[in-house]
Amino acid sequence: MTGTRPEKTGAGPGSAARTPLGRPFGLLMGVLLLSSLGNGLCFPFTAIYISRLLGLGSRAAGGYFLAMAAASFAAALLGGPLADRRGPHRVAAIGGAALAVGYGLLAPADGVALVLVSGACVGVGFGLFYASIVGVVDLAVPESGRRTAFTVRHIVNNAGIGFGSVVAGLALHGASTPAGTLRWLYLANALAAVPLVVVVRALRPKGAEAHTTREAPETGGGPSGPTYRTLLRVRTMALLVVAQALFAIVGFTQIEATVPLLMHDHMGVSLGWVSAVVAANSFALVALQPLLSRWLERLPETVGLAAGPVLWAGAFGCGLGAALAGPSAPAAVRHGLLLAFAVVFAAGELTYSSAFYPLLLRWSGETAVGRASALASLAWNLGTASGPAIGLFVISRTSATGSWVALAAGAAVAFAVAAALHRRAADVTRAADA
């Protein structure tokens with residue numbers, strides 16, 4: 001890792017595709033897949049489980065998520081500096097253990113107190129884990145493999161959650177005691193986090209100097225690393241954090257929350273085809289990664305980051321085309337455009353995942369990876385909390401065509417921030433080379 005140059009153009013055409021990522025990375029992705037699968041078993045059903053199946057009501061369910069959000073926020077802020085001082089592998093292991101405890105407590109829960117404790121433990125787990133996961137992945141791969149590694153991590157996370165959701169749906173289909181079945185699923189989720197704790201804790205820093213000697217560009221951080229305030233005073237880092245929040249608001253939350261409702265309620269698309277579009281997006285992530293890896297490696301990382309919202313705008317354009325075609329158009333045309341939306345959107349996700357975290361690592365410097373990861377995690381949480389409400393507000397007040405246009409406009413805003421980030425990085429590079 002360099003920690004001194006704010007920009008690079010990539011390691012060359014197809015270099016990541018040829019870079020062996022190694023056994024530690026493969027093992028890490030295996031346990032991450034298992035943990036994500038465990039999350040997929042439960043996360044769509046938690047509110048229903050607490051409020052209805054346990055009979056504790058909506059206030060208890062809301063209290064669970066509130067406790068989780070508050071604990072996650074606090075743990076991320078504390079976990080960032082802790083990861084920088086003690087190593088991301090240690091903090092991630094604590095976070096994974098907290099997740100296991102939290103989900104394990106929800107399995108036998110029968111009262112509000114245990115539900116709230118469970119939510120707090122899960123929140124601590126997520127806060128610590130996502131404040132350290134960037135550093136953990138970086139420990140497992142050579143620098144030349146970063147871009148591929150973070151792309152694969154994005155795919156593994158989505159594939160695990162998707163497969164877990166399918167398994168949970170099959171398990172719950174026709175279950176005579178859904179509450180009892182879900183208790184076992186929460187227990188399985190807790191157990192799925194245990195291998196992750198073991199593997200992550202076994203990782204070791206690449207060198208003794210990795211967290212003690214290097215400074216982040218522009219930050220002026222000393223041996224203990226820059227603070228959150230110092231990081232945010234660096235314009236490139238501040239823009240990167242803002243971009244993270246915007247990508248969550250205008251991109252990821254829209255395909256998860258807004259677009260399915262838009263297709264079903266405003267365009268008359270059947271639930272079966274809504275599911276097909278969502279599934280096509282997940283399958284496209286897996287199929288496109290080997291096809292796009294060489295192209296992505298040719299792009300400067302800031303260009304790759306800006307390409308994400310451009311592709312999302314194109315994807316929303318496909319949805320707009322399906323809306324304009326209307327119910328009178330041949331089904332193959334409408335459904336084809338919606339499937340094109342899913343595939344093009346997946347391409348945008350891959351450009352984001354291959355560029356964002358390598359940039360975060362480079363611009364934070366070795367001594368502040370944990371703090372930078374915590375900032376990115378908090379920005380993501382802000383985006384995922386506000387994005388669905390914004391999207392649903394838009395589609396409730398506009399037509400189908402107006403909604404697709406609004407979604408594309410949101411992607412344009414994210415592109416503007418990413419473009420400003422690219423220009424700022426280019427200016428810093430020229431100044432450093434002068």
# chains A, B, ... in the order shown; residues from 1 in each chain; ligands from 1

call {"tool": "select_by_dssp", "arguments": {"residues": "stretch 158-298 of chain A", "states": "alpha helix (DSSP H)", "output": "MDAnalysis selection string"}}
result
chainID A and resid 158:172 178:202 228:233 235:247 253 259:261 267 271:298

call {"tool": "closest_atom_pairs", "arguments": {"of": "stretch 129-191 of chain A", "to": "stretch 49-61 of chain A", "cutoff": "9 Å", "atoms": "only C-alpha atoms", "output": "Markdown table"}}
result
| residue | atom | partner | partner_atom | distance |
| --- | --- | --- | --- | --- |
| A:Pro178 | CA | A:Leu53 | CA | 7.5 |
| A:Ala179 | CA | A:Leu53 | CA | 5.5 |
| A:Leu182 | CA | A:Tyr49 | CA | 7.5 |

call {"tool": "residues_around", "arguments": {"residues": "A:Leu296", "least_positions_apart": "6", "cutoff": "8 Å", "atoms": "only C-alpha atoms", "output": "ChimeraX atom specification"}}
result
/A:304,351,354

call {"tool": "residues_around", "arguments": {"residues": "A:Gly348", "least_positions_apart": "5", "cutoff": "10 Å", "atoms": "only C-alpha atoms", "output": "NGL selection string"}}
result
:A and (251 or 285 or 304-315 or 343 or 353)

call {"tool": "closest_residue", "arguments": {"among": "A:Leu261, A:Val394, A:Ala419, A:Ala238", "to": "A:Leu360", "atoms": "only C-alpha atoms"}}
result
A:Ala238
